[in-house]
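Text of the file my_file20.cif, holding mmCIF, C-alpha atoms:
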data_query
loop_
_atom_site.label_atom_id
_atom_site.label_comp_id
_atom_site.auth_asym_id
_atom_site.auth_seq_id
_atom_site.Cartn_x
_atom_site.Cartn_y
_atom_site.Cartn_z
CA MET T 37 11.52 -17.15 7.01
CA ASP T 38 9.46 -20.33 6.90
CA ASP T 39 6.55 -20.94 4.56
CA GLU T 40 4.03 -21.21 7.39
CA LYS T 41 4.72 -17.64 8.53
CA ILE T 42 4.48 -16.34 4.97
CA ALA T 43 1.17 -18.20 4.47
CA SER T 44 -0.26 -16.97 7.78
CA ALA T 45 0.73 -13.38 7.01
CA GLY T 46 -0.83 -13.66 3.54
CA GLU T 47 -4.06 -15.12 4.89
CA LEU T 48 -4.25 -12.33 7.46
CA ALA T 49 -3.57 -9.65 4.82
CA LEU T 50 -6.28 -11.11 2.56
CA GLY T 51 -8.76 -11.27 5.44
CA LEU T 52 -9.16 -15.04 5.26
CA LEU T 53 -8.64 -15.77 8.95
CA GLU T 54 -11.51 -15.86 11.45
CA GLY T 55 -12.07 -16.56 15.11
CA THR T 56 -9.30 -18.11 17.18
CA GLU T 57 -7.04 -18.56 14.18
CA ARG T 58 -7.15 -14.81 13.54
CA ARG T 59 -6.53 -14.00 17.22
CA ASP T 60 -3.56 -16.39 17.31
CA VAL T 61 -1.93 -14.85 14.25
CA LEU T 62 -2.57 -11.30 15.55
CA ALA T 63 -0.95 -12.25 18.87
CA ALA T 64 2.02 -13.77 17.05
CA LEU T 65 2.23 -10.66 14.89
CA ARG T 66 2.89 -8.52 17.96
CA GLU T 67 5.81 -10.71 19.07
CA ASP T 68 7.38 -12.02 15.84
CA ALA T 69 9.38 -9.56 13.74
CA GLU T 70 9.58 -11.98 10.77
CA LEU T 71 5.82 -12.36 10.74
CA ARG T 72 5.41 -8.57 10.85
CA ARG T 73 7.83 -8.21 7.95
CA ALA T 74 5.91 -10.83 5.95
CA PHE T 75 2.58 -9.15 6.77
CA ARG T 76 3.94 -5.75 5.70
CA SER T 77 5.29 -7.29 2.50
CA TRP T 78 1.91 -8.87 1.72
CA ASN T 79 0.11 -5.57 2.33
CA GLU T 80 2.50 -3.67 0.05
CA TYR T 81 2.17 -6.31 -2.67
CA LEU T 82 -1.64 -6.33 -2.48
CA SER T 83 -1.81 -2.52 -2.51
CA LEU T 84 0.35 -2.45 -5.66
CA ILE T 85 -1.99 -4.91 -7.33
CA HIS T 86 -4.98 -2.82 -6.28
CA GLU T 87 -3.40 0.41 -7.57
CA ALA T 88 -2.53 -1.21 -10.89
CA ASP T 89 -6.07 -2.54 -11.22
CA MET T 90 -7.59 0.84 -10.45
CA ALA T 91 -5.28 2.62 -12.91
CA ALA T 92 -6.11 0.36 -15.84
CA ASP T 93 -9.44 0.09 -17.57
CA ALA T 94 -10.27 -3.43 -16.57
CA ALA T 95 -13.18 -3.85 -18.97
CA PRO T 96 -12.66 -7.05 -20.95
CA PRO T 97 -13.43 -7.22 -24.67
CA ALA T 98 -17.04 -7.95 -25.70
CA ARG T 99 -16.04 -11.40 -26.95
CA VAL T 100 -15.17 -12.43 -23.38
CA PHE T 101 -18.74 -11.80 -22.20
CA ALA T 102 -20.15 -13.65 -25.21
CA GLY T 103 -17.88 -16.62 -24.47
CA ILE T 104 -18.92 -16.71 -20.81
CA GLU T 105 -22.58 -16.58 -21.78
CA ALA T 106 -22.08 -19.40 -24.26
CA ARG T 107 -20.40 -21.58 -21.65
CA LEU T 108 -22.90 -20.89 -18.88
CA PHE T 109 -26.15 -20.95 -20.78
CA GLY T 110 -25.31 -22.88 -23.93
CA ALA T 111 -26.12 -19.87 -26.07
CA PRO T 112 -24.11 -19.86 -29.25
CA ALA T 113 -21.32 -17.33 -29.29
CA THR T 114 -21.99 -14.38 -31.59
CA GLN T 115 -21.14 -15.32 -35.18
CA GLY T 116 -20.77 -13.56 -38.50
CA TRP T 117 -21.68 -9.92 -38.98
CA ARG T 118 -23.28 -9.65 -35.53
CA HIS T 119 -19.90 -10.47 -34.03
CA TYR T 120 -18.31 -7.56 -35.91
CA LEU T 121 -21.09 -5.19 -34.81
CA ASP T 122 -20.51 -6.24 -31.20
CA VAL T 123 -16.79 -5.64 -31.62
CA LEU T 124 -17.43 -2.17 -33.08
CA ARG T 125 -19.80 -1.28 -30.23
CA ALA T 126 -17.38 -2.42 -27.54
CA PRO T 127 -16.21 0.49 -25.34
CA GLU T 128 -12.53 -0.36 -25.79
CA ASN T 129 -12.88 0.12 -29.58
CA ARG T 130 -14.54 3.55 -29.56
CA ASP T 131 -11.29 5.40 -30.23
CA THR T 132 -10.48 3.18 -33.21
CA VAL T 133 -13.96 3.51 -34.69
CA LEU T 134 -13.85 7.29 -34.27
CA LEU T 135 -10.42 7.49 -35.86
CA LEU T 136 -11.58 5.41 -38.85
CA ALA T 137 -14.68 7.58 -39.28
CA VAL T 138 -12.61 10.78 -39.25
CA ALA T 139 -10.14 9.25 -41.72
CA LYS T 140 -12.98 8.28 -44.08
CA VAL T 141 -14.49 11.78 -43.93
CA ALA T 142 -11.08 13.32 -44.58
CA LEU T 143 -10.50 10.99 -47.55
CA LEU T 144 -13.94 11.80 -48.96
CA ALA T 145 -13.30 15.55 -48.56
CA TRP T 146 -9.93 15.22 -50.30
CA LEU T 147 -11.44 13.25 -53.20
CA LEU T 148 -14.22 15.82 -53.59
CA TRP T 149 -11.67 18.63 -53.56
CA LEU T 150 -9.61 16.88 -56.24
CA PHE T 151 -12.45 16.19 -58.64
CA LEU T 152 -14.80 19.12 -58.13
#
Structure encoded using C-alpha coordinates:
Amino acid sequence: MDDEKIASAGELALGLLEGTERRDVLAALREDAELRRAFRSWNEYLSLIHEADMAADAAPPARVFAGIEARLFGAPATQGWRHYLDVLRAPENRDTVLLLAVAKVALLAWLLWLFL
(Lines of atoms letter the chains of each structure in order from A and count residues from 1; the text may use other names and numbers.)
(Lines give C-alpha, C1' and ligand atoms only; values in the text may rest on other atoms or scores of the structure.)
Protein backbone atom coordinates (compact mmCIF):
# COMPACT_ATOMS: atom_id res chain seq x y z
CA MET A 1 0.00 0.00 0.00
CA ASP A 2 1.49 3.36 -0.90
CA ASP A 3 1.98 6.23 1.52
CA GLU A 4 -0.42 8.51 -0.34
CA LYS A 5 -3.34 6.13 0.23
CA ILE A 6 -2.45 5.76 3.90
CA ALA A 7 -2.23 9.56 4.28
CA SER A 8 -5.53 10.15 2.45
CA ALA A 9 -7.29 7.53 4.57
CA GLY A 10 -5.87 9.08 7.74
CA GLU A 11 -6.90 12.59 6.74
CA LEU A 12 -10.40 11.34 5.97
CA ALA A 13 -10.63 9.47 9.29
CA LEU A 14 -9.48 12.58 11.18
CA GLY A 15 -11.98 14.77 9.32
CA LEU A 16 -9.31 16.98 7.76
CA LEU A 17 -10.57 16.83 4.18
CA GLU A 18 -13.06 19.32 2.78
CA GLY A 19 -14.78 20.10 -0.49
CA THR A 20 -13.61 18.42 -3.68
CA GLU A 21 -10.70 16.73 -1.96
CA ARG A 22 -13.12 14.98 0.41
CA ARG A 23 -15.44 13.99 -2.45
CA ASP A 24 -12.51 12.57 -4.43
CA VAL A 25 -11.28 10.45 -1.54
CA LEU A 26 -14.83 9.23 -0.77
CA ALA A 27 -15.26 8.23 -4.42
CA ALA A 28 -11.91 6.43 -4.39
CA LEU A 29 -12.91 4.75 -1.13
CA ARG A 30 -15.85 3.07 -2.86
CA GLU A 31 -13.63 1.59 -5.58
CA ASP A 32 -10.27 0.93 -3.90
CA ALA A 33 -10.07 -1.99 -1.46
CA GLU A 34 -6.62 -0.93 -0.18
CA LEU A 35 -7.91 2.54 0.62
CA ARG A 36 -10.90 1.02 2.45
CA ARG A 37 -8.57 -1.21 4.45
CA ALA A 38 -6.38 1.78 5.35
CA PHE A 39 -9.45 3.84 6.32
CA ARG A 40 -10.77 0.99 8.50
CA SER A 41 -7.34 0.64 10.11
CA TRP A 42 -7.21 4.37 10.87
CA ASN A 43 -10.69 4.29 12.40
CA GLU A 44 -9.82 1.32 14.61
CA TYR A 45 -6.57 2.96 15.72
CA LEU A 46 -8.26 6.27 16.52
CA SER A 47 -11.08 4.54 18.41
CA LEU A 48 -8.51 2.68 20.54
CA ILE A 49 -6.81 5.96 21.36
CA HIS A 50 -10.16 7.51 22.24
CA GLU A 51 -11.14 4.57 24.47
CA ALA A 52 -7.79 4.66 26.27
CA ASP A 53 -8.14 8.40 26.81
CA MET A 54 -11.66 8.05 28.17
CA ALA A 55 -10.64 5.20 30.49
CA ALA A 56 -7.76 7.08 32.09
CA ASP A 57 -8.03 10.14 34.26
CA ALA A 58 -6.36 12.59 31.94
CA ALA A 59 -5.99 15.37 34.50
CA PRO A 60 -2.37 16.53 34.50
CA PRO A 61 -0.55 17.34 37.74
CA ALA A 62 -0.99 20.86 39.17
CA ARG A 63 2.62 21.71 38.32
CA VAL A 64 1.80 21.40 34.61
CA PHE A 65 -0.80 24.17 34.82
CA ALA A 66 1.58 26.36 36.82
CA GLY A 67 4.29 25.84 34.20
CA ILE A 68 1.93 26.73 31.35
CA GLU A 69 0.82 29.87 33.16
CA ALA A 70 4.43 30.86 33.77
CA ARG A 71 5.30 30.43 30.10
CA LEU A 72 2.24 32.21 28.75
CA PHE A 73 1.94 35.11 31.15
CA GLY A 74 5.41 35.38 32.65
CA ALA A 75 4.04 34.64 36.09
CA PRO A 76 6.61 32.94 38.26
CA ALA A 77 5.97 29.26 38.79
CA THR A 78 4.79 28.44 42.30
CA GLN A 79 7.78 28.22 44.65
CA GLY A 80 8.46 27.08 48.19
CA TRP A 81 5.70 26.09 50.57
CA ARG A 82 2.96 27.29 48.20
CA HIS A 83 4.16 24.72 45.69
CA TYR A 84 3.74 21.94 48.26
CA LEU A 85 0.25 23.17 49.18
CA ASP A 86 -0.70 23.12 45.50
CA VAL A 87 0.65 19.60 45.19
CA LEU A 88 -1.34 18.47 48.24
CA ARG A 89 -4.53 20.05 46.88
CA ALA A 90 -4.14 18.46 43.45
CA PRO A 91 -6.95 15.97 42.70
CA GLU A 92 -4.54 13.20 41.73
CA ASN A 93 -2.98 13.33 45.24
CA ARG A 94 -6.18 13.08 47.29
CA ASP A 95 -5.80 9.35 47.91
CA THR A 96 -2.22 9.79 49.13
CA VAL A 97 -3.12 12.68 51.43
CA LEU A 98 -6.06 10.71 52.86
CA LEU A 99 -3.89 7.66 53.42
CA LEU A 100 -1.25 9.74 55.22
CA ALA A 101 -3.89 11.37 57.42
CA VAL A 102 -5.37 7.99 58.39
CA ALA A 103 -1.87 6.64 59.10
CA LYS A 104 -1.09 9.63 61.35
CA VAL A 105 -4.34 9.22 63.29
CA ALA A 106 -3.67 5.50 63.70
CA LEU A 107 -0.12 6.19 64.93
CA LEU A 108 -1.39 8.81 67.38
CA ALA A 109 -4.06 6.40 68.68
CA TRP A 110 -1.46 3.66 69.11
CA LEU A 111 0.91 6.00 70.99
CA LEU A 112 -1.92 7.16 73.26
CA TRP A 113 -2.90 3.55 73.93
CA LEU A 114 0.69 2.67 74.82
CA PHE A 115 1.30 5.52 77.23
CA LEU A 116 -2.10 6.11 78.81
Checklist entry - Around (3.8, -15.8, 15.8) in the file's frame, which residues reach within 8 Å when counting only C-alpha atoms? Return as number ranges by chain? => result T: 41, 60-68, 71
Checklist entry - Any chance you could work out the residue set of the PyMOL selection byres ((chain T and resi 44-51) around 9) here, as a ChimeraX atom specification? => result /T:39-43,52-54,58,61-62,65,71-79,82
Checklist entry - Which residues come within 10 Å of Asp122 in chain T, counting only C-alpha atoms, excluding same-chain residues fewer than 3 positions away, as a list of chain:residue names? => result T:Pro97, T:Ala98, T:Arg99, T:Ala102, T:Thr114, T:Gln115, T:Trp117, T:Arg118, T:His119, T:Arg125, T:Ala126, T:Pro127
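A straight line drawn from CA of Leu108 in chain T to CA of Tyr120 in chain T is 22.1 Å long.
Across the structure, CA of Phe151 in chain T and CA of Leu135 in chain T are spaced 24.5 Å apart.
For the set T:Ala95, T:Thr56, T:Ser83, T:Gly116, the residue with the smallest atom-to-atom gap to Glu128 in chain T is T:Ala95, counting only C-alpha atoms.
The space separating CA of Leu152 in chain T from CA of Ala137 in chain T comes to 22.1 Å.
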Six-sided padding of 4 Å per side, axis-aligned box over range 71-90 of chain T, centre and edges in Å, one decimal, as AutoDock Vina command-line options:
--center_x 0.1 --center_y -5.8 --center_z -0.2 --size_x 23.4 --size_y 21.2 --size_z 30.1
Checklist entry - Which residue, T:Asp38, T:Arg59, T:Phe109, T:Pro96, has the smallest gap to Asn129 in chain T when you use all atoms listed in the file? => result T:Pro96
Can I get a file of range 55-104 of chain T from the given structure, N, CA and C atoms kept, as a PDB file, in the first residue's frame?
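Final output, decode_10.pdb:
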ATOM      1  N   GLY T  55     -14.470  19.766   0.897  1.00  0.00           N
ATOM      2  CA  GLY T  55     -14.780  20.097  -0.489  1.00  0.00           C
ATOM      3  C   GLY T  55     -14.487  18.981  -1.474  1.00  0.00           C
ATOM      4  N   THR T  56     -13.863  19.380  -2.601  1.00  0.00           N
ATOM      5  CA  THR T  56     -13.607  18.415  -3.678  1.00  0.00           C
ATOM      6  C   THR T  56     -12.609  17.348  -3.260  1.00  0.00           C
ATOM      7  N   GLU T  57     -11.679  17.715  -2.413  1.00  0.00           N
ATOM      8  CA  GLU T  57     -10.701  16.725  -1.955  1.00  0.00           C
ATOM      9  C   GLU T  57     -11.403  15.603  -1.195  1.00  0.00           C
ATOM     10  N   ARG T  58     -12.354  15.975  -0.350  1.00  0.00           N
ATOM     11  CA  ARG T  58     -13.117  14.977   0.411  1.00  0.00           C
ATOM     12  C   ARG T  58     -13.959  14.119  -0.523  1.00  0.00           C
ATOM     13  N   ARG T  59     -14.621  14.743  -1.488  1.00  0.00           N
ATOM     14  CA  ARG T  59     -15.444  13.986  -2.448  1.00  0.00           C
ATOM     15  C   ARG T  59     -14.591  13.013  -3.248  1.00  0.00           C
ATOM     16  N   ASP T  60     -13.392  13.441  -3.657  1.00  0.00           N
ATOM     17  CA  ASP T  60     -12.507  12.571  -4.435  1.00  0.00           C
ATOM     18  C   ASP T  60     -12.072  11.347  -3.626  1.00  0.00           C
ATOM     19  N   VAL T  61     -11.720  11.566  -2.368  1.00  0.00           N
ATOM     20  CA  VAL T  61     -11.279  10.447  -1.535  1.00  0.00           C
ATOM     21  C   VAL T  61     -12.458   9.517  -1.233  1.00  0.00           C
ATOM     22  N   LEU T  62     -13.652  10.079  -1.005  1.00  0.00           N
ATOM     23  CA  LEU T  62     -14.828   9.230  -0.766  1.00  0.00           C
ATOM     24  C   LEU T  62     -15.158   8.396  -2.000  1.00  0.00           C
ATOM     25  N   ALA T  63     -15.020   8.984  -3.186  1.00  0.00           N
ATOM     26  CA  ALA T  63     -15.261   8.232  -4.419  1.00  0.00           C
ATOM     27  C   ALA T  63     -14.220   7.124  -4.578  1.00  0.00           C
ATOM     28  N   ALA T  64     -12.975   7.437  -4.296  1.00  0.00           N
ATOM     29  CA  ALA T  64     -11.915   6.432  -4.387  1.00  0.00           C
ATOM     30  C   ALA T  64     -12.112   5.339  -3.337  1.00  0.00           C
ATOM     31  N   LEU T  65     -12.671   5.701  -2.211  1.00  0.00           N
ATOM     32  CA  LEU T  65     -12.914   4.750  -1.126  1.00  0.00           C
ATOM     33  C   LEU T  65     -13.887   3.660  -1.563  1.00  0.00           C
ATOM     34  N   ARG T  66     -14.871   4.046  -2.379  1.00  0.00           N
ATOM     35  CA  ARG T  66     -15.851   3.071  -2.857  1.00  0.00           C
ATOM     36  C   ARG T  66     -15.230   2.052  -3.808  1.00  0.00           C
ATOM     37  N   GLU T  67     -14.196   2.458  -4.543  1.00  0.00           N
ATOM     38  CA  GLU T  67     -13.635   1.594  -5.581  1.00  0.00           C
ATOM     39  C   GLU T  67     -12.340   0.892  -5.176  1.00  0.00           C
ATOM     40  N   ASP T  68     -11.613   1.433  -4.221  1.00  0.00           N
ATOM     41  CA  ASP T  68     -10.270   0.928  -3.900  1.00  0.00           C
ATOM     42  C   ASP T  68     -10.282   0.159  -2.574  1.00  0.00           C
ATOM     43  N   ALA T  69     -10.045  -1.143  -2.661  1.00  0.00           N
ATOM     44  CA  ALA T  69     -10.067  -1.994  -1.461  1.00  0.00           C
ATOM     45  C   ALA T  69      -8.921  -1.646  -0.507  1.00  0.00           C
ATOM     46  N   GLU T  70      -7.750  -1.304  -1.041  1.00  0.00           N
ATOM     47  CA  GLU T  70      -6.620  -0.929  -0.183  1.00  0.00           C
ATOM     48  C   GLU T  70      -6.921   0.331   0.612  1.00  0.00           C
ATOM     49  N   LEU T  71      -7.551   1.291  -0.046  1.00  0.00           N
ATOM     50  CA  LEU T  71      -7.908   2.539   0.623  1.00  0.00           C
ATOM     51  C   LEU T  71      -8.948   2.280   1.716  1.00  0.00           C
ATOM     52  N   ARG T  72      -9.908   1.387   1.440  1.00  0.00           N
ATOM     53  CA  ARG T  72     -10.901   1.024   2.452  1.00  0.00           C
ATOM     54  C   ARG T  72     -10.241   0.353   3.644  1.00  0.00           C
ATOM     55  N   ARG T  73      -9.278  -0.522   3.376  1.00  0.00           N
ATOM     56  CA  ARG T  73      -8.565  -1.210   4.446  1.00  0.00           C
ATOM     57  C   ARG T  73      -7.781  -0.194   5.290  1.00  0.00           C
ATOM     58  N   ALA T  74      -7.138   0.757   4.620  1.00  0.00           N
ATOM     59  CA  ALA T  74      -6.385   1.782   5.350  1.00  0.00           C
ATOM     60  C   ALA T  74      -7.327   2.653   6.171  1.00  0.00           C
ATOM     61  N   PHE T  75      -8.471   3.023   5.609  1.00  0.00           N
ATOM     62  CA  PHE T  75      -9.454   3.841   6.317  1.00  0.00           C
ATOM     63  C   PHE T  75      -9.993   3.094   7.544  1.00  0.00           C
ATOM     64  N   ARG T  76     -10.291   1.812   7.381  1.00  0.00           N
ATOM     65  CA  ARG T  76     -10.768   0.994   8.500  1.00  0.00           C
ATOM     66  C   ARG T  76      -9.688   0.899   9.583  1.00  0.00           C
ATOM     67  N   SER T  77      -8.448   0.723   9.161  1.00  0.00           N
ATOM     68  CA  SER T  77      -7.345   0.639  10.110  1.00  0.00           C
ATOM     69  C   SER T  77      -7.187   1.937  10.899  1.00  0.00           C
ATOM     70  N   TRP T  78      -7.289   3.070  10.189  1.00  0.00           N
ATOM     71  CA  TRP T  78      -7.208   4.369  10.868  1.00  0.00           C
ATOM     72  C   TRP T  78      -8.339   4.527  11.873  1.00  0.00           C
ATOM     73  N   ASN T  79      -9.546   4.167  11.480  1.00  0.00           N
ATOM     74  CA  ASN T  79     -10.690   4.295  12.398  1.00  0.00           C
ATOM     75  C   ASN T  79     -10.524   3.419  13.634  1.00  0.00           C
ATOM     76  N   GLU T  80     -10.040   2.195  13.455  1.00  0.00           N
ATOM     77  CA  GLU T  80      -9.822   1.316  14.606  1.00  0.00           C
ATOM     78  C   GLU T  80      -8.746   1.889  15.523  1.00  0.00           C
ATOM     79  N   TYR T  81      -7.661   2.383  14.926  1.00  0.00           N
ATOM     80  CA  TYR T  81      -6.565   2.956  15.715  1.00  0.00           C
ATOM     81  C   TYR T  81      -7.042   4.176  16.503  1.00  0.00           C
ATOM     82  N   LEU T  82      -7.784   5.063  15.851  1.00  0.00           N
ATOM     83  CA  LEU T  82      -8.263   6.271  16.523  1.00  0.00           C
ATOM     84  C   LEU T  82      -9.294   5.935  17.604  1.00  0.00           C
ATOM     85  N   SER T  83     -10.108   4.916  17.377  1.00  0.00           N
ATOM     86  CA  SER T  83     -11.080   4.542  18.412  1.00  0.00           C
ATOM     87  C   SER T  83     -10.379   3.948  19.627  1.00  0.00           C
ATOM     88  N   LEU T  84      -9.284   3.207  19.407  1.00  0.00           N
ATOM     89  CA  LEU T  84      -8.514   2.683  20.539  1.00  0.00           C
ATOM     90  C   LEU T  84      -7.896   3.808  21.354  1.00  0.00           C
ATOM     91  N   ILE T  85      -7.378   4.808  20.664  1.00  0.00           N
ATOM     92  CA  ILE T  85      -6.808   5.962  21.359  1.00  0.00           C
ATOM     93  C   ILE T  85      -7.884   6.667  22.164  1.00  0.00           C
ATOM     94  N   HIS T  86      -9.050   6.836  21.562  1.00  0.00           N
ATOM     95  CA  HIS T  86     -10.156   7.514  22.241  1.00  0.00           C
ATOM     96  C   HIS T  86     -10.599   6.718  23.470  1.00  0.00           C
ATOM     97  N   GLU T  87     -10.725   5.401  23.339  1.00  0.00           N
ATOM     98  CA  GLU T  87     -11.139   4.573  24.471  1.00  0.00           C
ATOM     99  C   GLU T  87     -10.114   4.631  25.600  1.00  0.00           C
ATOM    100  N   ALA T  88      -8.841   4.592  25.247  1.00  0.00           N
ATOM    101  CA  ALA T  88      -7.792   4.662  26.266  1.00  0.00           C
ATOM    102  C   ALA T  88      -7.821   6.006  26.974  1.00  0.00           C
ATOM    103  N   ASP T  89      -8.076   7.061  26.224  1.00  0.00           N
ATOM    104  CA  ASP T  89      -8.137   8.403  26.806  1.00  0.00           C
ATOM    105  C   ASP T  89      -9.340   8.538  27.726  1.00  0.00           C
ATOM    106  N   MET T  90     -10.462   7.953  27.348  1.00  0.00           N
ATOM    107  CA  MET T  90     -11.657   8.049  28.170  1.00  0.00           C
ATOM    108  C   MET T  90     -11.531   7.193  29.430  1.00  0.00           C
ATOM    109  N   ALA T  91     -10.772   6.098  29.350  1.00  0.00           N
ATOM    110  CA  ALA T  91     -10.639   5.205  30.490  1.00  0.00           C
ATOM    111  C   ALA T  91      -9.716   5.788  31.558  1.00  0.00           C
ATOM    112  N   ALA T  92      -8.737   6.545  31.136  1.00  0.00           N
ATOM    113  CA  ALA T  92      -7.760   7.084  32.085  1.00  0.00           C
ATOM    114  C   ALA T  92      -8.186   8.463  32.558  1.00  0.00           C
ATOM    115  N   ASP T  93      -7.846   8.773  33.803  1.00  0.00           N
ATOM    116  CA  ASP T  93      -8.027  10.143  34.264  1.00  0.00           C
ATOM    117  C   ASP T  93      -6.937  10.965  33.610  1.00  0.00           C
ATOM    118  N   ALA T  94      -7.339  11.844  32.730  1.00  0.00           N
ATOM    119  CA  ALA T  94      -6.362  12.588  31.943  1.00  0.00           C
ATOM    120  C   ALA T  94      -5.990  13.912  32.589  1.00  0.00           C
ATOM    121  N   ALA T  95      -6.322  14.109  33.844  1.00  0.00           N
ATOM    122  CA  ALA T  95      -5.987  15.369  34.504  1.00  0.00           C
ATOM    123  C   ALA T  95      -4.488  15.419  34.782  1.00  0.00           C
ATOM    124  N   PRO T  96      -3.806  16.418  34.249  1.00  0.00           N
ATOM    125  CA  PRO T  96      -2.371  16.525  34.498  1.00  0.00           C
ATOM    126  C   PRO T  96      -2.108  17.022  35.909  1.00  0.00           C
ATOM    127  N   PRO T  97      -0.889  16.836  36.409  1.00  0.00           N
ATOM    128  CA  PRO T  97      -0.547  17.337  37.737  1.00  0.00           C
ATOM    129  C   PRO T  97      -0.651  18.866  37.797  1.00  0.00           C
ATOM    130  N   ALA T  98      -0.821  19.416  38.988  1.00  0.00           N
ATOM    131  CA  ALA T  98      -0.985  20.861  39.171  1.00  0.00           C
ATOM    132  C   ALA T  98       0.230  21.620  38.670  1.00  0.00           C
ATOM    133  N   ARG T  99       1.411  21.010  38.750  1.00  0.00           N
ATOM    134  CA  ARG T  99       2.622  21.712  38.318  1.00  0.00           C
ATOM    135  C   ARG T  99       2.605  21.995  36.812  1.00  0.00           C
ATOM    136  N   VAL T 100       1.883  21.180  36.046  1.00  0.00           N
ATOM    137  CA  VAL T 100       1.800  21.400  34.608  1.00  0.00           C
ATOM    138  C   VAL T 100       1.074  22.712  34.326  1.00  0.00           C
ATOM    139  N   PHE T 101      -0.048  22.933  35.008  1.00  0.00           N
ATOM    140  CA  PHE T 101      -0.804  24.171  34.821  1.00  0.00           C
ATOM    141  C   PHE T 101       0.026  25.381  35.238  1.00  0.00           C
ATOM    142  N   ALA T 102       0.742  25.259  36.355  1.00  0.00           N
ATOM    143  CA  ALA T 102       1.580  26.364  36.823  1.00  0.00           C
ATOM    144  C   ALA T 102       2.678  26.666  35.805  1.00  0.00           C
ATOM    145  N   GLY T 103       3.261  25.642  35.221  1.00  0.00           N
ATOM    146  CA  GLY T 103       4.294  25.843  34.204  1.00  0.00           C
ATOM    147  C   GLY T 103       3.761  26.503  32.952  1.00  0.00           C
ATOM    148  N   ILE T 104       2.559  26.111  32.534  1.00  0.00           N
ATOM    149  CA  ILE T 104       1.934  26.727  31.353  1.00  0.00           C
ATOM    150  C   ILE T 104       1.646  28.193  31.619  1.00  0.00           C
TER     151      ILE T 104
END
